[in-house]
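Okay, so here's the structure we're looking at.
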Amino acid sequence: MCLCYYFTKTSINMQIIDIKKLAIVIIYMTLSLFAKGVIAGKEIQNGAKIEFTLNGISYSESSNTDSFVVDQIIDIKLKWQNTKPVNVSSGERHRVLTFLLVNEGNGEDSINLSYEHNSSSNFVPANAKIYADSDGDGVFDSAADSEVSAVNLEADKSVTLFIVADIPDGNYTANEESFDSIIAKSQKTINKGTDRKNKIDIVIRKSTDKDTGIYKIRNYYLISKKKQTIISNDGKVHTGTVIRYSIELFLGGDTKNKSIQNINVKDKLDAALEYLNGSLKLNGRLLSDENDNDEGYVKDGTVFAHIGKLKDNEKAVVSFDAVVK
Amino acid sequence: MRKIVSVATVLSLFFVLGVYAKEITPVSITVHSLQKKTIVHKNGKKSVKWVKVAKVVPKDTVKYIDTITNNTNKTIDNIKIRNPINKNTFLIKNSEKSNMKFTVLYSINGGKTFAPSNKLFIKNKKGKKHLANVKEYNALEFTINKIPAHSKVNIEYQVKIK
């Protein structure tokens, strides 16, 4: 049996956290909550009283009561909250653009929401959906936040919205961008006919707003290089031949002061290979095969390793041996 | 015939009472509100006109006009006209006007007492006094020295919707 190449399938997960974005969202929400005036529908009444003396008799008379109702201003504002493009990479799921929708009118408004992808983008995110920040923490959480196509907002209230999309697998060039928007449109319309003194009329200031967020392909990324070395006297692969695999991980691109966190390696061995017990290493240090306190383990023909954080100029090497069946 | 006489008597009585009722209201007062409307003319020029209130939103200005009618054949002196300022509005400073000579006082206690603007002080929670801001006024009192017999006087002031 001669097998020239045995490839194992490696997948690498990683996470890049930006704490600054979260703080900015919370501050903006606090600032936006200030009064916009008398609530729509409030009745404003006025009447006068007159007092005078005639022929030694004091008189007091009251006027009619003048009243009118305060009308409703429709004024919605939508603002993308990320201060810079959200860095993404091929294959990442649930990447989030954050927006804030504010009802700056003086009455409750029902607002329709729709997603729009700008055709001038370099790539197209997949499965884009709009979510409302139902738990109000300013951070997307698929378990707590709800997908929405419309929201009701009382006067002076705001809601954080998210575009959540997947970045399709592909060969992207660093700094390629995708422009993705939310369009918010009030369901309220101007009353037909003449204005009414004692009923609520609609006054449109801004009934539609749109803002665009940007996904940007990272100009730094994780590079993984996988090598295999055949350990046999004739350099050929036979049953029982040991193949040594090493997966080298490091940052590429514009890596100055950059880091990538929570890196995990998952490597599924080909069915024709069997993991050689006790061969798993991280940076030359032997790890146990069991899922315990160290950074790696092997289960059902799959090698797992937790690398954690990699900074610029750092490197991690996961290695293990496999035997040809 | 007796029925006709009775009906005529009742009608006469209503007429007499009606006249009497009118006579015992020597001065009447009506209030109405106006708002500004921008008119665009055919030549493109714009002008502002005061029209009856129909569409009002926060920060709009409303003008109140009180019309006081002296229904008697005598001049009436020293007439006081009191207007509350709705809590959802505030008075616009120096907007008070009349076609007769008048003085105006203000209240910061819901119309219980009135005083000139430079005599109205409000105490804060720490007991410190400050001169009341026009936005803190909640009533105003016009005094008109004289209204001639069978004549009308208008007084007006403006408020802003909060």
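By convention here, the chains of the structure tokens are called A, B, ... in the order presented, each chain's residues are numbered starting at 1, and ligands are numbered starting at 1 in the order presented.
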
Next on the checklist: Residues of chain A within 6 Å of chain B, counting only C-alpha atoms, what are they? List them as a VMD selection string.
Outcome noted: chain A and resid 37 to 38 48 to 52 63 to 64 66 70 to 71 195 to 197

Item to check | Contacts of region 80-86 of chain A within 6 Å, only C-alpha atoms, excl. fewer than 6 positions in-chain, as a PyMOL selection string | outcome: chain A and resi 21+98-99+211+213-216

Please produce an output containing N, CA and C atoms for each residue in the selection, written as a tab-separated table (two decimals), in the first residue's frame.
chain	number	residue	atom	x	y	z
A	21	LYS	N	-16.14	49.68	21.54
A	21	LYS	CA	-17.42	49.81	20.84
A	21	LYS	C	-18.59	49.74	21.80
A	98	THR	N	-23.71	47.63	14.66
A	98	THR	CA	-24.61	48.15	15.70
A	98	THR	C	-25.15	49.52	15.32
A	99	PHE	N	-26.45	49.71	15.49
A	99	PHE	CA	-27.13	50.97	15.15
A	99	PHE	C	-27.98	51.42	16.34
A	211	ASP	N	-29.03	54.48	7.73
A	211	ASP	CA	-27.59	54.63	7.97
A	211	ASP	C	-26.90	53.33	7.59
A	213	GLY	N	-23.54	50.75	7.83
A	213	GLY	CA	-22.36	50.27	8.56
A	213	GLY	C	-21.42	49.57	7.59
A	214	ILE	N	-20.22	49.34	8.04
A	214	ILE	CA	-19.21	48.75	7.14
A	214	ILE	C	-18.54	47.53	7.80
A	215	TYR	N	-18.55	46.43	7.04
A	215	TYR	CA	-17.70	45.29	7.38
A	215	TYR	C	-16.42	45.44	6.55
A	216	LYS	N	-15.29	45.16	7.19
A	216	LYS	CA	-14.02	45.31	6.47
A	216	LYS	C	-13.15	44.08	6.69

Report as a compact mmCIF listing (two decimals) with C-alpha atoms, in the first residue's frame all protein, DNA and RNA residues lying within 6 Å of region 96-103 of chain B, evaluated on only C-alpha atoms, omitting residues in the same chain fewer than 6 positions from it.
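Printed below is selection32.txt as written:
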# COMPACT_ATOMS: atom_id res chain seq x y z
CA PHE B 142 -53.79 92.83 33.09
CA THR B 143 -55.29 96.02 34.49
CA ILE B 144 -57.00 98.38 32.07
CA ASN B 154 -58.31 93.50 23.12
CA ILE B 155 -55.45 92.29 25.21
CA GLU B 156 -53.01 89.72 23.95
CA TYR B 157 -49.98 87.72 25.01

Item to check | Counting only C-alpha atoms, the option among B:Gln35, B:Asn71, B:Ser107, B:Ser117 closest to Pro148 (chain B) | outcome: B:Asn71

Show me, as a PDB file with C-alpha atoms, in the first residue's frame, the residues that have an atom within 6 Å of region 92-97 of chain A when counting only C-alpha atoms, minus same-chain residues fewer than 3 positions from it.
ATOM      1  CA  SER A  89     -12.515  37.424   8.040  1.00  0.00           C
ATOM      2  CA  PHE A 162     -28.010  44.989  15.053  1.00  0.00           C
ATOM      3  CA  ILE A 163     -27.328  43.770  11.552  1.00  0.00           C
ATOM      4  CA  VAL A 164     -26.101  40.230  12.121  1.00  0.00           C
ATOM      5  CA  ALA A 165     -24.540  38.471   9.136  1.00  0.00           C
ATOM      6  CA  ASP A 166     -22.129  35.712   8.208  1.00  0.00           C
ATOM      7  CA  ILE A 167     -18.997  36.307   6.144  1.00  0.00           C
TER       8      ILE A 167
END

Next on the checklist: Going by DSSP on the backbone, which residues of chain B come out as alpha helix (DSSP H)? List them as a PyMOL selection string.
Outcome noted: chain B and resi 2-23

Item to check | Expected answer as a PyMOL selection string: strand (DSSP E) residues in region 64-122 of chain A | outcome: chain A and resi 66-69+72-80+86-88+95-103+109-117

Next on the checklist: Need to verify the contact set: His306 (chain A), 8 Å, only C-alpha atoms, exclusion of same-chain residues closer than 5 positions in sequence. Can you return it as an MDAnalysis selection string?
Outcome noted: chainID A and resid 262:265 295:296

Checklist entry - What is the distance between CA of Lys281 (chain A) and CA of Ile223 (chain A), in Å to one decimal? => result 19.0 Å
